[in-house]
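Chemist: Structure: entry.cif, mmCIF, C-alpha atoms.
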```
data_start
#
loop_
_atom_site.group_PDB
_atom_site.id
_atom_site.type_symbol
_atom_site.label_atom_id
_atom_site.label_comp_id
_atom_site.auth_asym_id
_atom_site.auth_seq_id
_atom_site.Cartn_x
_atom_site.Cartn_y
_atom_site.Cartn_z
ATOM 1 C CA MET A 1 27.790 26.361 7.401
ATOM 2 C CA ARG A 2 24.496 25.952 5.653
ATOM 3 C CA GLN A 3 22.602 23.360 7.588
ATOM 4 C CA ARG A 4 19.602 21.212 6.890
ATOM 5 C CA ILE A 5 19.370 19.115 9.972
ATOM 6 C CA LYS A 6 16.761 16.434 9.560
ATOM 7 C CA SER A 7 17.328 13.818 12.213
ATOM 8 C CA PRO A 8 18.267 13.914 15.890
ATOM 9 C CA GLN A 9 21.399 11.953 14.988
ATOM 10 C CA ALA A 10 22.361 14.682 12.549
ATOM 11 C CA HIS A 11 21.842 17.235 15.278
ATOM 12 C CA VAL A 12 24.351 15.498 17.552
ATOM 13 C CA ASP A 13 26.846 15.255 14.680
ATOM 14 C CA TYR A 14 26.325 18.894 13.845
ATOM 15 C CA GLU A 15 27.089 19.984 17.379
ATOM 16 C CA LEU A 16 30.282 17.912 17.408
ATOM 17 C CA ILE A 17 31.312 19.260 13.995
ATOM 18 C CA GLN A 18 30.837 22.816 15.165
ATOM 19 C CA GLN A 19 33.033 22.150 18.188
ATOM 20 C CA ALA A 20 35.673 20.407 16.053
ATOM 21 C CA ARG A 21 35.725 23.331 13.644
ATOM 22 C CA LEU A 22 36.579 25.563 16.558
ATOM 23 C CA GLY A 23 39.599 23.379 17.254
ATOM 24 C CA ASP A 24 38.172 20.808 19.657
ATOM 25 C CA ARG A 25 39.902 17.599 18.572
ATOM 26 C CA GLN A 26 38.100 15.582 21.236
ATOM 27 C CA ALA A 27 34.806 16.453 19.571
ATOM 28 C CA PHE A 28 36.114 15.062 16.295
ATOM 29 C CA ASP A 29 37.384 11.975 18.115
ATOM 30 C CA VAL A 30 33.845 11.276 19.335
ATOM 31 C CA LEU A 31 32.744 11.322 15.690
ATOM 32 C CA VAL A 32 35.605 8.970 14.771
ATOM 33 C CA GLN A 33 34.564 6.596 17.553
ATOM 34 C CA LYS A 34 31.020 6.663 16.236
ATOM 35 C CA TYR A 35 31.729 6.095 12.541
ATOM 36 C CA GLN A 36 34.941 4.037 12.609
ATOM 37 C CA PHE A 37 33.066 0.756 12.201
ATOM 38 C CA LYS A 38 31.238 1.838 9.062
ATOM 39 C CA ILE A 39 34.265 3.526 7.512
ATOM 40 C CA LEU A 40 36.626 0.605 8.095
ATOM 41 C CA LYS A 41 34.043 -1.792 6.730
ATOM 42 C CA LEU A 42 33.558 0.418 3.668
ATOM 43 C CA VAL A 43 37.272 0.819 3.006
ATOM 44 C CA ASN A 44 37.860 -2.893 3.486
ATOM 45 C CA ARG A 45 35.610 -3.539 0.506
ATOM 46 C CA TYR A 46 38.107 -1.742 -1.712
ATOM 47 C CA VAL A 47 41.349 -2.462 0.090
ATOM 48 C CA ASN A 48 41.709 -6.092 1.045
ATOM 49 C CA ASP A 49 44.897 -5.860 3.016
ATOM 50 C CA PRO A 50 43.945 -5.170 6.662
ATOM 51 C CA SER A 51 46.987 -3.034 7.352
ATOM 52 C CA GLU A 52 46.331 -0.887 4.296
ATOM 53 C CA ALA A 53 42.615 -0.676 5.114
ATOM 54 C CA MET A 54 43.506 0.756 8.526
ATOM 55 C CA ASP A 55 45.818 3.296 6.900
ATOM 56 C CA VAL A 56 43.178 4.334 4.384
ATOM 57 C CA ALA A 57 40.502 4.630 7.086
ATOM 58 C CA GLN A 58 42.838 6.763 9.165
ATOM 59 C CA GLU A 59 43.669 8.942 6.165
ATOM 60 C CA SER A 60 39.962 9.368 5.412
ATOM 61 C CA PHE A 61 39.269 10.711 8.888
ATOM 62 C CA ILE A 62 42.261 13.035 8.736
ATOM 63 C CA LYS A 63 41.119 14.370 5.356
ATOM 64 C CA ALA A 64 37.663 14.929 6.771
ATOM 65 C CA TYR A 65 39.104 16.794 9.749
ATOM 66 C CA ARG A 66 41.191 19.014 7.504
ATOM 67 C CA ALA A 67 38.207 19.766 5.304
ATOM 68 C CA LEU A 68 35.596 20.309 8.001
ATOM 69 C CA ASP A 69 35.079 23.867 6.809
ATOM 70 C CA LYS A 70 33.902 22.489 3.488
ATOM 71 C CA PHE A 71 31.132 20.488 5.116
ATOM 72 C CA ARG A 72 28.038 22.581 4.579
ATOM 73 C CA GLY A 73 25.491 20.366 6.236
ATOM 74 C CA GLU A 74 23.534 19.761 3.042
ATOM 75 C CA SER A 75 23.892 16.036 3.530
ATOM 76 C CA ALA A 76 24.386 13.911 6.607
ATOM 77 C CA PHE A 77 27.914 13.949 7.996
ATOM 78 C CA TYR A 78 28.269 10.236 7.318
ATOM 79 C CA THR A 79 27.319 10.725 3.653
ATOM 80 C CA TRP A 80 30.051 13.330 3.330
ATOM 81 C CA LEU A 81 32.546 11.161 5.194
ATOM 82 C CA TYR A 82 31.540 8.178 3.056
ATOM 83 C CA ARG A 83 32.481 10.085 -0.122
ATOM 84 C CA ILE A 84 35.842 11.063 1.322
ATOM 85 C CA ALA A 85 36.555 7.455 2.312
ATOM 86 C CA ILE A 86 35.566 6.121 -1.119
ATOM 87 C CA ASN A 87 37.805 8.642 -2.867
ATOM 88 C CA THR A 88 40.669 7.933 -0.508
ATOM 89 C CA ALA A 89 40.320 4.193 -1.100
ATOM 90 C CA LYS A 90 40.208 4.667 -4.876
ATOM 91 C CA ASN A 91 43.261 6.925 -4.806
ATOM 92 C CA HIS A 92 45.025 4.340 -2.708
ATOM 93 C CA ILE A 93 44.279 1.628 -5.259
ATOM 94 C CA VAL A 94 45.612 3.817 -8.077
ATOM 95 C CA SER A 95 48.775 4.646 -6.167
ATOM 96 C CA GLN A 96 49.271 0.989 -5.289
ATOM 97 C CA SER A 97 48.991 -0.066 -8.920
ATOM 98 C CA ARG A 98 51.676 2.512 -9.780
ATOM 99 C CA ARG A 99 53.844 1.240 -7.000
ATOM 100 C CA THR A 100 53.873 -2.333 -8.308
ATOM 101 C CA ILE A 101 56.229 -1.125 -11.036
ATOM 102 C CA GLU A 102 58.740 -0.352 -8.329
ATOM 103 C CA ALA A 103 58.095 -3.628 -6.546
ATOM 104 C CA ASP A 104 61.637 -4.913 -6.859
ATOM 105 C CA VAL A 105 62.936 -1.937 -4.973
ATOM 106 C CA GLU A 106 60.263 -2.292 -2.326
ATOM 107 C CA VAL A 107 61.196 -5.891 -1.595
ATOM 108 C CA VAL A 108 64.451 -4.626 -0.153
ATOM 109 C CA ASP A 109 62.572 -2.081 1.978
ATOM 110 C CA MET A 110 60.171 -4.735 3.172
ATOM 111 C CA GLU A 111 63.004 -7.012 4.199
ATOM 112 C CA GLN A 112 64.480 -4.178 6.195
ATOM 113 C CA THR A 113 61.126 -3.488 7.818
ATOM 114 C CA LEU A 114 60.723 -7.125 8.767
ATOM 115 C CA THR A 115 64.218 -7.214 10.143
ATOM 116 C CA LYS A 116 63.457 -4.232 12.328
ATOM 117 C CA GLY A 117 60.216 -5.854 13.463
ATOM 118 C CA ASN A 118 58.117 -2.869 12.425
ATOM 119 C CA LEU A 119 55.557 -4.691 10.331
ATOM 120 C CA LYS A 120 52.018 -3.918 11.467
ATOM 121 C CA ASP A 121 50.177 -7.179 11.882
ATOM 122 C CA TYR A 122 46.510 -6.259 11.683
ATOM 123 C CA SER A 123 45.572 -9.627 10.264
ATOM 124 C CA ALA A 124 46.663 -11.584 13.296
ATOM 125 C CA PRO A 125 44.409 -14.637 13.690
ATOM 126 C CA GLU A 126 43.543 -13.755 17.282
ATOM 127 C CA LYS A 127 42.028 -10.436 16.127
ATOM 128 C CA ILE A 128 39.918 -12.167 13.518
ATOM 129 C CA LEU A 129 38.693 -14.691 16.045
ATOM 130 C CA LEU A 130 37.987 -11.936 18.515
ATOM 131 C CA ASP A 131 35.493 -10.190 16.260
ATOM 132 C CA VAL A 132 33.608 -13.412 15.691
ATOM 133 C CA GLU A 133 33.704 -13.995 19.412
ATOM 134 C CA ILE A 134 32.248 -10.537 20.129
ATOM 135 C CA GLU A 135 29.347 -11.237 17.819
ATOM 136 C CA LYS A 136 28.674 -14.563 19.525
ATOM 137 C CA VAL A 137 28.791 -12.984 22.971
ATOM 138 C CA ILE A 138 26.370 -10.205 21.967
ATOM 139 C CA ASN A 139 23.872 -12.697 20.617
ATOM 140 C CA ASP A 140 24.289 -14.893 23.691
ATOM 141 C CA VAL A 141 23.680 -11.998 26.092
ATOM 142 C CA ILE A 142 20.591 -10.876 24.192
ATOM 143 C CA ALA A 143 19.190 -14.396 24.185
ATOM 144 C CA HIS A 144 19.423 -14.488 27.987
ATOM 145 C CA LEU A 145 18.079 -10.998 28.693
ATOM 146 C CA PRO A 146 14.721 -10.559 30.443
ATOM 147 C CA LYS A 147 11.972 -10.415 27.845
ATOM 148 C CA GLU A 148 11.306 -6.663 28.200
ATOM 149 C CA LEU A 149 14.956 -5.792 27.652
ATOM 150 C CA ARG A 150 15.328 -8.226 24.761
ATOM 151 C CA THR A 151 12.245 -6.856 23.034
ATOM 152 C CA ALA A 152 13.313 -3.232 23.496
ATOM 153 C CA ILE A 153 16.867 -3.702 22.182
ATOM 154 C CA THR A 154 15.655 -5.866 19.295
ATOM 155 C CA LEU A 155 13.024 -3.359 18.188
ATOM 156 C CA ARG A 156 15.619 -0.616 18.344
ATOM 157 C CA GLU A 157 18.616 -2.311 16.761
ATOM 158 C CA LEU A 158 17.053 -4.766 14.350
ATOM 159 C CA GLU A 159 13.842 -2.963 13.433
ATOM 160 C CA GLY A 160 15.254 0.545 13.725
ATOM 161 C CA LEU A 161 12.203 1.853 15.575
ATOM 162 C CA SER A 162 12.201 5.115 17.506
ATOM 163 C CA TYR A 163 11.748 5.129 21.273
ATOM 164 C CA GLU A 164 8.245 6.483 20.792
ATOM 165 C CA GLU A 165 7.313 3.673 18.407
ATOM 166 C CA ILE A 166 8.737 1.082 20.790
ATOM 167 C CA ALA A 167 6.799 2.657 23.663
ATOM 168 C CA GLY A 168 3.620 2.268 21.619
ATOM 169 C CA ILE A 169 4.313 -1.396 20.907
ATOM 170 C CA MET A 170 5.369 -2.246 24.462
ATOM 171 C CA ALA A 171 2.639 -0.102 26.024
ATOM 172 C CA CYS A 172 4.983 1.730 28.357
ATOM 173 C CA PRO A 173 6.379 5.261 28.732
ATOM 174 C CA VAL A 174 9.235 6.435 26.496
ATOM 175 C CA GLY A 175 11.426 6.778 29.600
ATOM 176 C CA THR A 176 10.974 3.085 30.314
ATOM 177 C CA VAL A 177 12.036 2.236 26.778
ATOM 178 C CA ARG A 178 15.153 4.363 27.199
ATOM 179 C CA SER A 179 15.963 2.581 30.439
ATOM 180 C CA ARG A 180 15.366 -0.895 29.011
ATOM 181 C CA ILE A 181 17.565 -0.270 25.986
ATOM 182 C CA PHE A 182 20.294 1.083 28.228
ATOM 183 C CA ARG A 183 20.099 -1.905 30.575
ATOM 184 C CA ALA A 184 20.342 -4.284 27.631
ATOM 185 C CA ARG A 185 23.415 -2.456 26.333
ATOM 186 C CA GLU A 186 24.892 -2.356 29.810
ATOM 187 C CA ALA A 187 24.588 -6.145 30.063
ATOM 188 C CA ILE A 188 26.198 -6.592 26.651
ATOM 189 C CA GLU A 189 28.951 -4.112 27.410
ATOM 190 C CA ARG A 190 29.804 -5.900 30.649
ATOM 191 C CA ARG A 191 30.445 -9.100 28.703
ATOM 192 C CA ILE A 192 32.275 -7.694 25.672
ATOM 193 C CA LYS A 193 34.405 -5.018 27.329
ATOM 194 C CA PRO A 194 37.098 -7.506 28.373
ATOM 195 C CA LEU A 195 37.379 -8.442 24.693
ATOM 196 C CA LEU A 196 37.931 -4.867 23.630
ATOM 197 C CA ASN A 197 41.427 -3.798 24.347
ATOM 198 C CA GLU A 198 42.066 -0.676 22.329
ATOM 199 C CA GLY A 199 45.318 -0.727 20.489
ATOM 200 C CA GLY A 200 46.069 -4.174 21.865
ATOM 201 C CA MET B 201 19.930 5.493 40.093
ATOM 202 C CA LYS B 202 23.610 6.224 40.544
ATOM 203 C CA GLU B 203 24.941 9.243 38.703
ATOM 204 C CA ASP B 204 27.255 7.287 36.398
ATOM 205 C CA LYS B 205 24.434 4.959 35.388
ATOM 206 C CA LEU B 206 22.223 7.927 34.621
ATOM 207 C CA ILE B 207 24.955 9.438 32.473
ATOM 208 C CA LYS B 208 25.414 6.158 30.623
ATOM 209 C CA GLU B 209 21.675 5.883 30.080
ATOM 210 C CA LYS B 210 21.762 9.341 28.542
ATOM 211 C CA LEU B 211 24.765 8.299 26.454
ATOM 212 C CA SER B 212 22.785 5.315 25.204
ATOM 213 C CA ALA B 213 19.930 7.630 24.228
ATOM 214 C CA LEU B 214 22.425 10.000 22.585
ATOM 215 C CA ALA B 215 23.803 7.136 20.494
ATOM 216 C CA ASP B 216 20.245 6.544 19.285
ATOM 217 C CA GLY B 217 19.651 10.233 18.617
ATOM 218 C CA GLU B 218 16.932 10.118 21.275
ATOM 219 C CA LEU B 219 18.380 12.361 23.963
ATOM 220 C CA ALA B 220 16.469 15.572 24.605
ATOM 221 C CA HIS B 221 18.145 18.481 22.880
ATOM 222 C CA HIS B 222 18.701 20.436 26.079
ATOM 223 C CA GLU B 223 20.624 17.501 27.580
ATOM 224 C CA GLN B 224 22.925 16.875 24.627
ATOM 225 C CA SER B 225 25.585 19.503 25.264
ATOM 226 C CA ALA B 226 26.177 18.411 28.845
ATOM 227 C CA VAL B 227 26.522 14.743 27.876
ATOM 228 C CA LEU B 228 28.815 15.561 24.944
ATOM 229 C CA SER B 229 31.065 17.571 27.253
ATOM 230 C CA LEU B 230 31.322 14.665 29.665
ATOM 231 C CA LEU B 231 31.923 12.267 26.790
ATOM 232 C CA LYS B 232 34.797 14.286 25.367
ATOM 233 C CA ALA B 233 36.538 14.448 28.725
ATOM 234 C CA ASP B 234 36.076 10.897 29.987
ATOM 235 C CA PRO B 235 37.929 7.949 28.375
ATOM 236 C CA ASP B 236 35.651 5.455 30.151
ATOM 237 C CA LEU B 237 32.579 7.067 28.644
ATOM 238 C CA GLN B 238 34.305 7.061 25.250
ATOM 239 C CA ALA B 239 34.914 3.332 25.613
ATOM 240 C CA THR B 240 31.216 2.882 26.380
ATOM 241 C CA TRP B 241 30.268 5.124 23.431
ATOM 242 C CA GLN B 242 32.375 2.979 21.092
ATOM 243 C CA CYS B 243 30.920 -0.141 22.632
ATOM 244 C CA TYR B 244 27.334 1.009 21.981
ATOM 245 C CA HIS B 245 28.157 1.732 18.338
ATOM 246 C CA LEU B 246 29.955 -1.588 17.985
ATOM 247 C CA ILE B 247 26.862 -3.375 19.324
ATOM 248 C CA SER B 248 24.618 -1.495 16.876
ATOM 249 C CA ASN B 249 26.881 -2.176 13.925
ATOM 250 C CA ILE B 250 27.157 -5.871 14.680
ATOM 251 C CA LEU B 251 23.436 -6.304 15.334
ATOM 252 C CA GLN B 252 22.556 -4.381 12.208
ATOM 253 C CA ARG B 253 24.992 -6.536 10.234
ATOM 254 C CA LYS B 254 26.990 -3.506 9.227
ATOM 255 C CA SER B 255 30.218 -4.516 10.811
ATOM 256 C CA VAL B 256 30.532 -8.257 10.783
ATOM 257 C CA GLN B 257 34.036 -8.130 9.486
ATOM 258 C CA ARG B 258 37.523 -9.246 10.191
ATOM 259 C CA LEU B 259 38.719 -5.877 11.391
ATOM 260 C CA ASN B 260 37.666 -4.393 14.671
ATOM 261 C CA PRO B 261 38.676 -0.715 14.827
ATOM 262 C CA ILE B 262 38.507 -0.621 18.611
ATOM 263 C CA ASN B 263 41.035 -3.401 19.037
ATOM 264 C CA LEU B 264 43.153 -1.943 16.269
ATOM 265 C CA GLY B 265 43.150 1.481 17.892
ATOM 266 C CA LEU B 266 41.893 3.439 14.874
ATOM 267 C CA SER B 267 40.578 6.312 16.953
ATOM 268 C CA ALA B 268 43.896 6.641 18.800
ATOM 269 C CA ARG B 269 45.767 6.627 15.502
ATOM 270 C CA VAL B 270 43.618 9.423 14.100
ATOM 271 C CA GLN B 271 44.103 11.430 17.290
ATOM 272 C CA ALA B 272 47.869 10.939 17.168
ATOM 273 C CA SER B 273 47.978 11.939 13.526
ATOM 274 C CA MET B 274 45.984 15.126 14.179
ATOM 275 C CA ALA B 275 48.263 16.024 17.076
ATOM 276 C CA LYS B 276 51.325 15.383 14.936
ATOM 277 C CA GLU B 277 49.993 17.622 12.190
ATOM 278 C CA ALA B 278 49.164 20.384 14.619
ATOM 279 C CA ALA B 279 52.703 20.203 16.006
ATOM 280 C CA ALA B 280 54.250 20.109 12.540
ATOM 281 C CA TRP B 281 52.330 23.220 11.588
ATOM 282 C CA GLY B 282 53.658 24.880 14.652
ATOM 283 C CA THR B 283 50.240 25.673 15.978
ATOM 284 C CA GLY B 284 50.862 23.763 19.178
ATOM 285 C CA PHE B 285 47.181 23.869 19.946
ATOM 286 C CA ASP B 286 43.981 22.339 18.725
ATOM 287 C CA MET B 287 43.356 24.256 15.546
ATOM 288 C CA PRO B 288 41.911 22.262 12.657
ATOM 289 C CA ILE B 289 43.862 22.539 9.448
ATOM 290 C CA VAL B 290 41.514 24.066 6.928
ATOM 291 C CA MET B 291 42.024 23.177 3.287
ATOM 292 C CA ASN B 292 39.535 25.666 1.987
ATOM 293 C CA THR B 293 41.952 28.555 2.059
ATOM 294 C CA THR B 294 43.051 30.681 -0.829
ATOM 295 C CA HIS B 295 46.457 29.135 -1.339
ATOM 296 C CA SER B 296 47.770 30.370 1.968
ATOM 297 C CA MET B 297 50.530 27.767 1.763
ATOM 298 C CA LEU B 298 51.917 29.309 -1.398
ATOM 299 C CA PRO B 299 54.536 32.048 -1.412
ATOM 300 C CA SER B 300 53.188 35.550 -1.663
ATOM 301 C CA SER B 301 54.888 35.897 -5.057
ATOM 302 C CA TYR B 302 52.718 33.105 -6.411
ATOM 303 C CA LYS B 303 50.265 34.147 -9.080
ATOM 304 C CA LYS B 304 47.567 31.844 -10.275
ATOM 305 C CA CYS B 305 47.634 31.117 -14.007
ATOM 306 C CA ASP B 306 44.225 31.619 -15.585
#
```
Go ahead and render the structure in this file as structure tokens.

Modeler:
Amino acid sequence: MRQRIKSPQAHVDYELIQQARLGDRQAFDVLVQKYQFKILKLVNRYVNDPSEAMDVAQESFIKAYRALDKFRGESAFYTWLYRIAINTAKNHIVSQSRRTIEADVEVVDMEQTLTKGNLKDYSAPEKILLDVEIEKVINDVIAHLPKELRTAITLRELEGLSYEEIAGIMACPVGTVRSRIFRAREAIERRIKPLLNEGG
Amino acid sequence: MKEDKLIKEKLSALADGELAHHEQSAVLSLLKADPDLQATWQCYHLISNILQRKSVQRLNPINLGLSARVQASMAKEAAAWGTGFDMPIVMNTTHSMLPSSYKKCD
């Protein structure tokens, strides 16, 4: 793999990609867990149906996994993954438009699926509410954090500053910045974890 | 500081791309092996995405189990290919799926 690693983030991705290419599926899963939010959001722009968006996002990751050997490190992993997801979404749209011709036949299939209770309900109202709720909880926790923690997490997440830049602004060591950001995330995680029930 | 808190602090720094290079491999190894750390890893990225307004959306991949679905699909493929182990399926081969009698038309 030809690599042009520019950022520390890219370095972490690169290490995981190398491990995944050697057959370590857990390494690839860590990448999925990192980028799933962006990819699902991206796909959802093209594919409105939540169930289909999930399928397309899943397919995008699988395609990326299969093609890992083609990733040459000339761009960031996310850029590469982004292109795969866009193409997968576009192909999905094309295939869906072809499938509408056979819609009458599919109605029968759908009825059978419903009868069997196999329909995936990703648009359930409680899931939609949950995401809004998570956002509210995060903002609420941040608003009640001690000032040092609130400033550190805000400068990192909203301003995108490096730890070194934050240390300069807050006049403290980089290690203190790292600790403050972690403690802020820890407080947020404690509140939102009960809302996150994977696969639930 | 307790060991698990120290590991999570390092995980937080890793998520920001701020963990010292020599510490990365050890934390990644722990992350791959520990579902609790993976939940925290996802949580940190969820927080970032929501705060950076990248993921204020109807669909939450954690609750929908996207990662688990991808894992299951990869495992299924590996089994279907008869590898039975964690080998990635590489597309960039020279038509290895085709019969040996196959000749490419130019």

Chemist: Take the PyMOL selection byres ((chain A and resi 167-179) around 10), apply it to the structure above, and return the hits as JSON, numbers by chain.

Modeler: {"A": [148, 149, 151, 152, 153, 155, 156, 161, 162, 163, 164, 165, 166, 180, 181, 182, 183, 184, 185], "B": [206, 209, 210, 212, 213, 216, 218, 219]}

Chemist: Check the smallest atom-to-atom distance from each of B:Ala220, B:Ala280, B:Ile207, B:Leu264 to chain A using only C-alpha atoms, then report the winner.

Modeler: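 Nearest candidate to chain A out of B:Ala220, B:Ala280, B:Ile207, B:Leu264: B:Leu264.
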
Chemist: What does the structure give for the distance between CA of Val56 in chain A and CA of Asn44 in chain A, in Å to one decimal?

Modeler: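 Interatomic distance here is 9.0 Å.
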
Chemist: With all atoms listed in the file considered, list every residue of chain A at most 7 Å from chain B, as a ChimeraX atom specification.

Modeler: /A:8-9,21-27,29-30,32-34,36-38,41,58,61-62,65-67,69-70,128,131,135,157-158,178-179,182,185,189,196-200

Chemist: Quote the spacing between CA of Ala76 in chain A and CA of Glu159 in chain A in Å to one decimal place.

Modeler: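 Separation of CA of Ala76 in chain A and CA of Glu159 in chain A: 21.0 Å.
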